[in-house]
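Data block for work_9.txt (compact mmCIF, C-alpha atoms (C1' of nucleotides)):
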# COMPACT_ATOMS: atom_id res chain seq x y z
CA MET V 1 58.69 32.33 -22.95
CA PRO V 2 58.07 33.47 -19.75
CA GLU V 3 54.69 32.20 -18.78
CA LEU V 4 53.42 32.09 -15.23
CA PRO V 5 55.85 29.49 -13.82
CA GLU V 6 58.89 31.20 -15.29
CA VAL V 7 57.91 34.65 -14.05
CA GLU V 8 56.97 33.20 -10.66
CA THR V 9 60.38 31.57 -10.37
CA ILE V 10 62.16 34.78 -11.33
CA LYS V 11 60.07 36.56 -8.72
CA LEU V 12 61.13 34.13 -6.00
CA VAL V 13 64.81 34.51 -6.90
CA LEU V 14 64.66 38.30 -6.99
CA GLN V 15 62.76 38.45 -3.70
CA ARG V 16 65.58 36.52 -2.13
CA ARG V 17 68.40 38.55 -3.70
CA ILE V 18 67.49 42.19 -4.33
CA ILE V 19 64.92 43.24 -1.74
CA GLY V 20 66.47 45.95 0.41
CA LEU V 21 69.06 46.91 -2.21
CA THR V 22 69.13 50.40 -3.70
CA ILE V 23 69.18 50.96 -7.44
CA LYS V 24 72.22 53.11 -8.07
CA LYS V 25 72.09 53.38 -11.83
CA ILE V 26 69.94 52.38 -14.79
CA GLN V 27 71.66 52.15 -18.17
CA ILE V 28 69.33 52.04 -21.15
CA LEU V 29 70.97 50.50 -24.17
CA SER V 30 67.76 50.21 -26.16
CA PRO V 31 65.34 53.14 -25.68
CA LYS V 32 62.46 51.10 -27.09
CA SER V 33 62.81 48.66 -24.21
CA PHE V 34 62.41 51.22 -21.41
CA ILE V 35 59.28 53.33 -21.01
CA GLY V 36 59.27 56.21 -18.55
CA ASN V 37 61.86 58.27 -16.73
CA PRO V 38 64.62 56.17 -15.17
CA ASN V 39 65.50 59.05 -12.82
CA SER V 40 62.45 58.28 -10.72
CA ALA V 41 63.82 54.81 -9.99
CA GLU V 42 67.47 55.62 -9.39
CA GLY V 43 68.34 56.01 -5.74
CA GLN V 44 65.25 54.07 -4.67
CA LYS V 45 65.24 50.95 -2.56
CA VAL V 46 63.56 47.71 -3.64
CA LEU V 47 60.71 47.11 -1.20
CA LYS V 48 58.50 44.47 -2.73
CA ILE V 49 58.25 42.22 -5.78
CA GLU V 50 54.95 40.93 -7.12
CA ARG V 51 53.74 38.98 -10.10
CA PHE V 52 50.54 39.64 -12.04
CA ALA V 53 49.92 37.03 -14.75
CA LYS V 54 53.16 37.14 -16.76
CA LEU V 55 54.14 40.58 -15.50
CA LEU V 56 56.65 41.31 -12.79
CA ALA V 57 56.38 44.42 -10.61
CA VAL V 58 59.36 45.64 -8.59
CA ASN V 59 58.08 48.14 -6.04
CA LEU V 60 60.35 51.06 -5.15
CA GLY V 61 57.95 52.98 -2.94
CA GLU V 62 56.55 55.77 -5.09
CA VAL V 63 57.08 53.95 -8.36
CA ASN V 64 57.29 50.43 -9.69
CA LEU V 65 59.38 48.85 -12.39
CA LEU V 66 56.94 46.74 -14.39
CA PHE V 67 58.51 44.08 -16.61
CA HIS V 68 56.99 42.13 -19.45
CA LEU V 69 59.43 39.71 -21.07
CA LYS V 70 57.15 38.79 -24.00
CA MET V 71 58.75 36.18 -26.26
CA THR V 72 62.49 36.41 -25.76
CA GLY V 73 63.03 38.52 -22.67
CA GLN V 74 65.50 37.31 -20.06
CA LEU V 75 66.55 38.56 -16.65
CA ILE V 76 70.06 37.76 -15.54
CA LEU V 77 71.20 38.64 -12.03
CA GLN V 78 74.89 38.69 -11.40
CA GLY V 79 76.06 39.75 -7.98
CA GLU V 80 79.36 40.08 -6.17
CA SER V 81 78.69 37.12 -3.93
CA VAL V 82 77.05 35.32 -6.80
CA LYS V 83 80.07 35.85 -9.01
CA ARG V 84 82.41 34.40 -6.40
CA GLU V 85 80.38 31.25 -6.28
CA GLY V 86 80.48 30.98 -10.05
CA GLU V 87 76.75 31.22 -10.05
CA ARG V 88 74.25 33.29 -11.86
CA TYR V 89 70.50 33.53 -11.71
CA ILE V 90 68.65 33.65 -14.96
CA GLY V 91 65.10 33.51 -16.14
CA GLY V 92 63.60 33.45 -19.58
CA HIS V 93 63.90 31.37 -22.69
CA PRO V 94 67.35 29.83 -22.65
CA THR V 95 69.86 30.74 -25.31
CA GLU V 96 73.55 30.08 -25.65
CA ASP V 97 74.52 33.67 -25.07
CA MET V 98 72.78 34.05 -21.74
CA MET V 99 75.56 32.03 -20.17
CA GLY V 100 78.30 34.21 -21.64
CA LYS V 101 79.67 37.57 -20.64
CA MET V 102 77.25 40.34 -19.70
CA PRO V 103 76.30 42.66 -21.16
CA ASN V 104 76.04 41.23 -24.66
CA SER V 105 74.45 42.30 -27.92
CA HIS V 106 70.96 41.48 -26.63
CA THR V 107 71.26 43.45 -23.39
CA ARG V 108 68.69 46.27 -23.39
CA VAL V 109 68.77 47.64 -19.83
CA ILE V 110 71.25 47.28 -16.97
CA PHE V 111 70.27 47.90 -13.35
CA SER V 112 73.17 48.41 -10.96
CA PHE V 113 72.54 47.86 -7.24
CA SER V 114 74.13 49.25 -4.11
CA ASP V 115 75.98 46.02 -3.34
CA GLY V 116 77.63 45.92 -6.77
CA SER V 117 75.32 43.31 -8.26
CA LYS V 118 73.72 43.90 -11.62
CA LEU V 119 70.46 42.87 -13.20
CA TYR V 120 70.55 42.56 -16.99
CA PHE V 121 67.40 42.74 -19.04
CA ASN V 122 68.16 40.96 -22.29
CA ASP V 123 65.71 40.62 -25.16
CA GLN V 124 66.64 39.39 -28.57
CA ARG V 125 63.46 40.37 -30.37
CA ARG V 126 62.76 43.53 -28.37
CA PHE V 127 59.07 42.76 -27.86
CA GLY V 128 59.50 42.99 -24.11
CA TRP V 129 59.73 46.14 -22.02
CA VAL V 130 60.25 47.73 -18.63
CA LYS V 131 57.94 50.53 -17.59
CA ILE V 132 57.98 53.03 -14.77
CA ILE V 133 54.52 52.99 -13.23
CA ASP V 134 53.31 55.22 -10.39
CA ASN V 135 52.30 53.19 -7.41
CA GLY V 136 48.63 54.16 -7.63
CA LYS V 137 48.39 53.12 -11.27
CA LEU V 138 49.58 49.58 -10.93
CA THR V 139 46.40 47.94 -12.08
CA ILE V 140 46.51 45.81 -15.17
CA ASP V 141 43.36 45.63 -17.23
CA ASN V 142 41.68 42.55 -18.57
CA LEU V 143 43.43 40.02 -16.42
CA GLY V 144 41.56 36.88 -15.45
CA PRO V 145 41.89 35.08 -12.12
CA GLU V 146 45.26 33.93 -10.82
CA PRO V 147 45.08 30.16 -11.25
CA LEU V 148 47.17 29.36 -8.18
CA GLU V 149 44.92 31.23 -5.79
CA LYS V 150 42.37 29.15 -3.99
CA GLU V 151 39.45 31.21 -5.25
CA PHE V 152 40.10 29.74 -8.69
CA ASN V 153 37.86 26.75 -9.29
CA TRP V 154 36.45 24.83 -12.22
CA GLN V 155 33.20 26.79 -12.27
CA ILE V 156 35.07 30.07 -12.75
CA LEU V 157 37.22 28.50 -15.44
CA LYS V 158 34.11 27.22 -17.19
CA LYS V 159 32.35 30.58 -17.01
CA ASN V 160 35.37 32.41 -18.44
CA LEU V 161 36.11 29.87 -21.14
CA LEU V 162 32.51 30.19 -22.34
CA LYS V 163 33.25 33.78 -23.41
CA HIS V 164 34.52 32.18 -26.61
CA LYS V 165 32.31 29.12 -26.95
CA SER V 166 32.97 28.37 -30.60
CA GLN V 167 36.76 28.52 -30.24
CA PRO V 168 39.08 25.59 -29.62
CA VAL V 169 39.69 25.18 -25.91
CA LYS V 170 43.46 25.32 -26.27
CA VAL V 171 43.26 28.76 -27.89
CA VAL V 172 40.87 30.18 -25.27
CA LEU V 173 43.08 28.99 -22.41
CA MET V 174 45.74 31.42 -23.64
CA ASP V 175 43.34 34.38 -23.39
CA GLN V 176 44.68 36.37 -20.42
CA SER V 177 41.19 37.52 -19.46
CA VAL V 178 40.10 33.90 -19.04
CA VAL V 179 42.92 32.86 -16.75
CA SER V 180 46.13 34.73 -15.95
CA GLY V 181 49.52 33.53 -17.01
CA VAL V 182 48.81 30.56 -19.28
CA GLY V 183 50.65 30.73 -22.61
CA ASN V 184 51.31 28.36 -25.43
CA ILE V 185 53.45 25.85 -23.55
CA TYR V 186 51.19 25.40 -20.54
CA SER V 187 48.04 25.51 -22.61
CA ASN V 188 49.30 22.50 -24.57
CA GLU V 189 50.35 20.74 -21.39
CA ALA V 190 47.08 21.49 -19.61
CA CYS V 191 45.06 19.90 -22.43
CA PHE V 192 47.24 16.83 -22.26
CA ASN V 193 46.85 16.60 -18.49
CA ALA V 194 43.09 16.89 -18.89
CA LYS V 195 43.05 14.30 -21.69
CA ILE V 196 41.17 16.70 -23.93
CA ASP V 197 41.73 17.18 -27.64
CA PRO V 198 42.99 20.77 -27.98
CA ARG V 199 40.70 21.32 -30.99
CA THR V 200 37.55 20.72 -28.93
CA LYS V 201 35.22 23.71 -29.04
CA VAL V 202 34.53 25.13 -25.62
CA SER V 203 30.78 24.69 -26.12
CA ASN V 204 31.27 20.95 -26.51
CA LEU V 205 33.04 20.44 -23.19
CA SER V 206 31.22 18.56 -20.42
CA ASN V 207 31.37 19.53 -16.78
CA LEU V 208 33.63 16.55 -16.21
CA GLN V 209 35.97 17.95 -18.83
CA PHE V 210 35.91 21.44 -17.29
CA LYS V 211 36.88 19.85 -13.99
CA ARG V 212 39.70 17.90 -15.60
CA LEU V 213 40.86 21.02 -17.38
CA HIS V 214 40.94 22.97 -14.12
CA LEU V 215 43.15 20.32 -12.56
CA GLY V 216 45.17 20.04 -15.75
CA VAL V 217 45.99 23.75 -15.75
CA LEU V 218 47.03 23.58 -12.11
CA LYS V 219 49.17 20.52 -12.64
CA SER V 220 51.00 22.01 -15.61
CA LEU V 221 51.73 25.25 -13.76
CA ARG V 222 52.78 23.54 -10.55
CA ASP V 223 55.01 21.14 -12.45
CA GLY V 224 56.53 24.11 -14.21
CA ILE V 225 57.28 25.89 -10.96
CA ALA V 226 58.61 22.70 -9.40
CA HIS V 227 61.11 22.48 -12.25
CA GLY V 228 62.19 26.08 -11.72
CA GLY V 229 60.17 27.12 -14.72
CA SER V 230 60.54 25.47 -18.05
CA THR V 231 63.65 27.53 -18.56
CA ARG V 232 65.45 26.83 -15.32
CA ALA V 233 65.39 30.15 -13.58
CA HIS V 234 68.63 29.65 -11.77
CA PHE V 235 71.65 28.06 -13.14
CA ARG V 236 75.11 27.22 -11.92
CA ASP V 237 77.42 28.53 -14.51
CA PRO V 238 81.06 27.57 -14.14
CA GLU V 239 81.55 26.49 -17.74
CA GLY V 240 78.18 27.35 -19.20
CA HIS V 241 76.30 24.17 -19.78
CA LYS V 242 73.07 24.47 -21.60
CA GLY V 243 69.85 24.97 -19.72
CA TYR V 244 67.57 22.05 -20.39
CA PHE V 245 64.48 23.39 -21.93
CA LEU V 246 61.28 21.64 -21.06
CA ASP V 247 62.66 18.20 -20.36
CA TYR V 248 59.58 17.45 -18.40
CA ALA V 249 56.93 18.43 -20.97
CA TYR V 250 54.49 15.78 -22.12
CA VAL V 251 53.69 17.24 -25.53
CA TYR V 252 55.12 20.72 -26.10
CA GLY V 253 57.83 20.62 -28.75
CA LEU V 254 57.61 16.84 -28.94
CA ASP V 255 56.00 16.24 -32.33
CA LYS V 256 57.19 13.03 -33.98
CA HIS V 257 58.22 11.74 -30.55
CA PRO V 258 56.34 8.92 -28.82
CA CYS V 259 53.87 9.94 -26.14
CA LYS V 260 55.41 9.47 -22.68
CA VAL V 261 52.25 7.70 -21.56
CA CYS V 262 51.12 5.50 -24.47
CA LYS V 263 53.90 5.69 -27.13
CA THR V 264 51.59 7.10 -29.78
CA ILE V 265 53.44 9.61 -31.96
CA ILE V 266 52.72 13.20 -30.88
CA LYS V 267 51.10 15.33 -33.56
CA LYS V 268 51.68 18.99 -34.29
CA ILE V 269 49.01 21.21 -35.82
CA GLN V 270 48.22 24.92 -35.99
CA LEU V 271 45.48 26.38 -33.80
CA GLY V 272 44.90 30.10 -33.62
CA GLY V 273 48.15 30.52 -35.48
CA ARG V 274 50.18 28.81 -32.79
CA GLY V 275 51.94 25.48 -32.71
CA THR V 276 49.72 22.93 -30.99
CA TYR V 277 50.92 19.52 -29.83
CA TYR V 278 48.81 16.60 -28.70
CA CYS V 279 48.58 12.84 -28.38
CA SER V 280 45.67 11.60 -30.49
CA ASN V 281 45.32 8.54 -28.30
CA CYS V 282 45.43 10.14 -24.84
CA GLN V 283 43.46 13.25 -25.78
CA LYS V 284 39.98 12.59 -27.10
C1' DT O 1 64.63 30.23 -48.97
C1' DT O 2 60.79 29.55 -45.93
C1' DA O 3 58.93 28.69 -41.65
C1' DA O 4 58.63 28.99 -36.86
C1' DA O 5 59.71 30.58 -32.18
C1' DT O 6 57.86 31.70 -25.30
C1' DG O 7 53.21 37.19 -26.30
C1' DT O 8 50.20 40.84 -27.12
C1' DT O 9 47.98 44.45 -29.74
C1' DT O 10 45.75 46.21 -33.72
C1' DA O 11 43.83 45.84 -38.23
C1' DA O 12 41.28 43.35 -41.53
C1' DA O 13 38.06 39.99 -42.93
C1' DT O 14 34.08 37.12 -42.20
C1' DC N 1 28.04 44.45 -34.39
C1' DA N 2 30.46 40.36 -32.89
C1' DT N 3 33.70 37.08 -33.77
C1' DT N 4 37.71 35.28 -35.94
C1' DT N 5 41.94 35.45 -38.57
C1' DA N 6 46.04 37.76 -39.94
C1' DA N 7 49.55 40.99 -39.49
C1' DA N 8 52.78 43.51 -36.95
C1' DC N 9 56.55 44.02 -33.79
C1' DA N 10 62.48 42.10 -34.64
C1' DT N 11 65.72 38.50 -34.69
C1' DT N 12 67.61 34.13 -34.92
C1' DT N 13 67.75 29.37 -35.97
C1' DA N 14 66.29 24.98 -38.32
Can the structure from this file be put into structure tokens for me?
Amino acid sequence: MPELPEVETIKLVLQRRIIGLTIKKIQILSPKSFIGNPNSAEGQKVLKIERFAKLLAVNLGEVNLLFHLKMTGQLILQGESVKREGERYIGGHPTEDMMGKMPNSHTRVIFSFSDGSKLYFNDQRRFGWVKIIDNGKLTIDNLGPEPLEKEFNWQILKKNLLKHKSQPVKVVLMDQSVVSGVGNIYSNEACFNAKIDPRTKVSNLSNLQFKRLHLGVLKSLRDGIAHGGSTRAHFRDPEGHKGYFLDYAYVYGLDKHPCKVCKTIIKKIQLGGRGTYYCSNCQK
DNA sequence: TTAAATGTTTAAAT
DNA sequence: CATTTAAACATTTA
């Protein structure tokens, strides 16, 4: 699920825990999930961790480990000190088995660090991947502006959205070349925040609505990060309670539930082939 | 049994 | 040719 807030939260956790550690060993359990030669990463020290849209780049000097978790990817960090505290750091769409023993049947790659801690890349559907990328080649094509950077304003959002003027606004928001890191969850939430019907064609939006949408995107992403990502990127795991998925959402996954603002029943429709949730009273 | 699920790319249809 | 829709990827759960 990892959209921007989830990946950002994973980044913050990893920056705190694995920078300065050396990768001792990389075990590839699913060849499809690892692209490149793992030898070039083994023995290297983690220097820097960055996020680009939904991608995570772990810099090892000459090379980077570039992660894309796609739909069901998870990163689970279990360290020696972490284990003693009965704690584990996780990021990704929550499932029962991510609280259990590692590795498990969905573990695709295991990174072992110099201090004994391990990072597990789990991915049920195997859409996600880890790639070795030379440092000079770490540019990702077709990425729009990072919404949390101050250069991002409503005029830029408007200009980029207008690349697909006849499309519903909710669909265009998910286009990574329009704005980086917004996926299905936050696109739904952003439209709710902006009080805009997700079906509205981009060409029919007023400047006022573009402004509201700009703020709505920011609010949804910031709320997501404030909640540790919609998936709870770190988790205290003595007995394995369930991560609470999206308790804070206004509309995503809440069809047939009353709107948290006006009690109108949330509707679910299909837009661009994706589940789309909205309140017909709040969003017009 | 069918449908849907956090994402992206590619092919097919309009 | 540009734009839009569907399919594909793989697996599980409702």
(request) Specify as an MDAnalysis selection string all residues of chain V found within 9 Å of chain O, counting only C-alpha atoms (C1' of nucleotides). (result) chainID V and resid 1:3 69:73 92:93 127:128 183:185 275
(message) As an exercise, work out the distance from atom CA of V:Asn142 to atom CA of V:Phe52 in Å and give it to one decimal place.
(response)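 Interatomic distance here is 11.4 Å.
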(message) Give me, as an MDAnalysis selection string, the residues of chain N touching chain V, with the criterion being at most 9 Å (counting only C-alpha atoms (C1' of nucleotides)).
(response) chainID N and resid 3:6 9:12
Save the residues we just selected, C-alpha atoms (C1' of nucleotides), as a short mmCIF file (atom, residue, chain, number, x, y, z; two decimals), in the coordinates of the input?
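So the final result, stored in part_28.cif, reads:
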data_model
loop_
_atom_site.label_atom_id
_atom_site.label_comp_id
_atom_site.auth_asym_id
_atom_site.auth_seq_id
_atom_site.Cartn_x
_atom_site.Cartn_y
_atom_site.Cartn_z
"C1'" DT N 3 33.70 37.08 -33.77
"C1'" DT N 4 37.71 35.28 -35.94
"C1'" DT N 5 41.94 35.45 -38.57
"C1'" DA N 6 46.04 37.76 -39.94
"C1'" DC N 9 56.55 44.02 -33.79
"C1'" DA N 10 62.48 42.10 -34.64
"C1'" DT N 11 65.72 38.50 -34.69
"C1'" DT N 12 67.61 34.13 -34.92
#
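Note that the spacing between atom CA of V:Thr22 and atom CA of V:Leu119 amounts to 12.2 Å.
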(message) Let me make sure I understand: among V:Asn281, V:Asn207, V:Asn122, V:Thr9, which one has the smallest atom-to-atom distance to V:Arg51 if we use all atoms listed in the file?
(response) V:Thr9
(request) Pick out the closest residue to V:Ser220 from this set: V:Gly36, V:Asn188, V:Phe67, V:Ala57. Count all atoms listed in the file. (result)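 Ranking V:Gly36, V:Asn188, V:Phe67, V:Ala57 by distance to V:Ser220, first place goes to V:Asn188.
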(message) For a quick check of understanding, using all atoms listed in the file, which of V:Leu29, V:Leu77, V:Ala41, V:Val179 has the smallest distance to V:Gln15?
(response) V:Leu77
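We find atom CA of V:Phe121 and atom CA of V:Thr107 to be spaced 5.9 Å apart.
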(request) Anything within 9 Å of (56.5, 16.9, -27.6): list those residues as a list in words, counting all atoms listed in the file and sticking to the file's coordinates. (result) Ala249, Tyr250, Val251, Tyr252, Gly253, Leu254, Asp255, Lys256, His257, Pro258, Cys259, Lys260, Ile266, Lys267, Lys268, Tyr277, Tyr278 and Cys279 of chain V
Because the input lacks atoms here, generate all heavy atoms for stretch 163-174 of chain V and report them as a PDB file, in the frame of the given file.
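That gives us out10.pdb:
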ATOM      1  N   LYS V 163      33.267  32.507 -22.695  1.00  0.00           N
ATOM      2  CA  LYS V 163      33.250  33.780 -23.410  1.00  0.00           C
ATOM      3  C   LYS V 163      33.553  33.581 -24.898  1.00  0.00           C
ATOM      4  O   LYS V 163      33.239  34.430 -25.722  1.00  0.00           O
ATOM      5  CB  LYS V 163      34.302  34.731 -22.805  1.00  0.00           C
ATOM      6  CG  LYS V 163      33.919  35.230 -21.435  1.00  0.00           C
ATOM      7  CD  LYS V 163      34.686  36.487 -21.052  1.00  0.00           C
ATOM      8  CE  LYS V 163      36.086  36.155 -20.575  1.00  0.00           C
ATOM      9  NZ  LYS V 163      36.738  37.301 -19.906  1.00  0.00           N
ATOM     10  N   HIS V 164      34.198  32.475 -25.201  1.00  0.00           N
ATOM     11  CA  HIS V 164      34.520  32.180 -26.610  1.00  0.00           C
ATOM     12  C   HIS V 164      34.088  30.739 -26.898  1.00  0.00           C
ATOM     13  O   HIS V 164      34.924  29.869 -27.094  1.00  0.00           O
ATOM     14  CB  HIS V 164      36.014  32.326 -26.866  1.00  0.00           C
ATOM     15  CG  HIS V 164      36.539  33.683 -26.535  1.00  0.00           C
ATOM     16  ND1 HIS V 164      36.299  34.793 -27.323  1.00  0.00           N
ATOM     17  CD2 HIS V 164      37.283  34.132 -25.501  1.00  0.00           C
ATOM     18  CE1 HIS V 164      36.893  35.851 -26.783  1.00  0.00           C
ATOM     19  NE2 HIS V 164      37.486  35.477 -25.682  1.00  0.00           N
ATOM     20  N   LYS V 165      32.790  30.505 -26.942  1.00  0.00           N
ATOM     21  CA  LYS V 165      32.310  29.120 -26.950  1.00  0.00           C
ATOM     22  C   LYS V 165      32.603  28.381 -28.247  1.00  0.00           C
ATOM     23  O   LYS V 165      32.715  27.169 -28.221  1.00  0.00           O
ATOM     24  CB  LYS V 165      30.809  29.015 -26.622  1.00  0.00           C
ATOM     25  CG  LYS V 165      29.951  30.240 -26.938  1.00  0.00           C
ATOM     26  CD  LYS V 165      28.475  29.955 -26.792  1.00  0.00           C
ATOM     27  CE  LYS V 165      27.953  30.016 -25.370  1.00  0.00           C
ATOM     28  NZ  LYS V 165      27.864  31.354 -24.794  1.00  0.00           N
ATOM     29  N   SER V 166      32.760  29.092 -29.346  1.00  0.00           N
ATOM     30  CA  SER V 166      32.970  28.370 -30.600  1.00  0.00           C
ATOM     31  C   SER V 166      34.450  28.158 -30.910  1.00  0.00           C
ATOM     32  O   SER V 166      34.801  27.583 -31.929  1.00  0.00           O
ATOM     33  CB  SER V 166      32.315  29.135 -31.751  1.00  0.00           C
ATOM     34  OG  SER V 166      33.017  30.336 -31.974  1.00  0.00           O
ATOM     35  N   GLN V 167      35.313  28.622 -30.009  1.00  0.00           N
ATOM     36  CA  GLN V 167      36.760  28.520 -30.240  1.00  0.00           C
ATOM     37  C   GLN V 167      37.325  27.238 -29.645  1.00  0.00           C
ATOM     38  O   GLN V 167      36.794  26.708 -28.669  1.00  0.00           O
ATOM     39  CB  GLN V 167      37.464  29.715 -29.591  1.00  0.00           C
ATOM     40  CG  GLN V 167      37.211  31.026 -30.282  1.00  0.00           C
ATOM     41  CD  GLN V 167      38.186  31.225 -31.426  1.00  0.00           C
ATOM     42  OE1 GLN V 167      37.915  30.820 -32.546  1.00  0.00           O
ATOM     43  NE2 GLN V 167      39.318  31.822 -31.134  1.00  0.00           N
ATOM     44  N   PRO V 168      38.437  26.765 -30.211  1.00  0.00           N
ATOM     45  CA  PRO V 168      39.080  25.590 -29.620  1.00  0.00           C
ATOM     46  C   PRO V 168      39.565  25.897 -28.195  1.00  0.00           C
ATOM     47  O   PRO V 168      40.106  26.976 -27.944  1.00  0.00           O
ATOM     48  CB  PRO V 168      40.279  25.328 -30.536  1.00  0.00           C
ATOM     49  CG  PRO V 168      40.024  26.111 -31.775  1.00  0.00           C
ATOM     50  CD  PRO V 168      39.144  27.250 -31.383  1.00  0.00           C
ATOM     51  N   VAL V 169      39.393  24.951 -27.321  1.00  0.00           N
ATOM     52  CA  VAL V 169      39.690  25.180 -25.910  1.00  0.00           C
ATOM     53  C   VAL V 169      41.143  25.589 -25.690  1.00  0.00           C
ATOM     54  O   VAL V 169      41.453  26.448 -24.859  1.00  0.00           O
ATOM     55  CB  VAL V 169      39.335  23.934 -25.059  1.00  0.00           C
ATOM     56  CG1 VAL V 169      40.097  22.700 -25.524  1.00  0.00           C
ATOM     57  CG2 VAL V 169      39.597  24.192 -23.579  1.00  0.00           C
ATOM     58  N   LYS V 170      42.034  25.008 -26.449  1.00  0.00           N
ATOM     59  CA  LYS V 170      43.460  25.320 -26.270  1.00  0.00           C
ATOM     60  C   LYS V 170      43.770  26.781 -26.579  1.00  0.00           C
ATOM     61  O   LYS V 170      44.642  27.383 -25.942  1.00  0.00           O
ATOM     62  CB  LYS V 170      44.282  24.372 -27.152  1.00  0.00           C
ATOM     63  CG  LYS V 170      45.783  24.489 -26.977  1.00  0.00           C
ATOM     64  CD  LYS V 170      46.373  25.343 -28.055  1.00  0.00           C
ATOM     65  CE  LYS V 170      47.856  25.520 -27.882  1.00  0.00           C
ATOM     66  NZ  LYS V 170      48.394  26.391 -28.935  1.00  0.00           N
ATOM     67  N   VAL V 171      43.068  27.348 -27.541  1.00  0.00           N
ATOM     68  CA  VAL V 171      43.260  28.760 -27.890  1.00  0.00           C
ATOM     69  C   VAL V 171      42.702  29.654 -26.782  1.00  0.00           C
ATOM     70  O   VAL V 171      43.330  30.637 -26.381  1.00  0.00           O
ATOM     71  CB  VAL V 171      42.571  29.074 -29.240  1.00  0.00           C
ATOM     72  CG1 VAL V 171      42.594  30.572 -29.517  1.00  0.00           C
ATOM     73  CG2 VAL V 171      43.254  28.312 -30.372  1.00  0.00           C
ATOM     74  N   VAL V 172      41.517  29.315 -26.271  1.00  0.00           N
ATOM     75  CA  VAL V 172      40.870  30.180 -25.270  1.00  0.00           C
ATOM     76  C   VAL V 172      41.641  30.169 -23.947  1.00  0.00           C
ATOM     77  O   VAL V 172      41.678  31.158 -23.226  1.00  0.00           O
ATOM     78  CB  VAL V 172      39.404  29.755 -25.056  1.00  0.00           C
ATOM     79  CG1 VAL V 172      38.694  30.731 -24.116  1.00  0.00           C
ATOM     80  CG2 VAL V 172      38.676  29.716 -26.392  1.00  0.00           C
ATOM     81  N   LEU V 173      42.286  29.061 -23.644  1.00  0.00           N
ATOM     82  CA  LEU V 173      43.080  28.990 -22.410  1.00  0.00           C
ATOM     83  C   LEU V 173      44.193  30.037 -22.388  1.00  0.00           C
ATOM     84  O   LEU V 173      44.640  30.467 -21.326  1.00  0.00           O
ATOM     85  CB  LEU V 173      43.719  27.602 -22.272  1.00  0.00           C
ATOM     86  CG  LEU V 173      42.914  26.512 -21.583  1.00  0.00           C
ATOM     87  CD1 LEU V 173      43.725  25.225 -21.572  1.00  0.00           C
ATOM     88  CD2 LEU V 173      42.559  26.917 -20.155  1.00  0.00           C
ATOM     89  N   MET V 174      44.651  30.438 -23.575  1.00  0.00           N
ATOM     90  CA  MET V 174      45.740  31.420 -23.640  1.00  0.00           C
ATOM     91  C   MET V 174      45.242  32.851 -23.528  1.00  0.00           C
ATOM     92  O   MET V 174      46.030  33.773 -23.455  1.00  0.00           O
ATOM     93  CB  MET V 174      46.516  31.249 -24.945  1.00  0.00           C
ATOM     94  CG  MET V 174      47.331  29.982 -24.973  1.00  0.00           C
ATOM     95  SD  MET V 174      48.506  29.996 -26.329  1.00  0.00           S
ATOM     96  CE  MET V 174      47.417  29.734 -27.700  1.00  0.00           C
TER      97      MET V 174
END
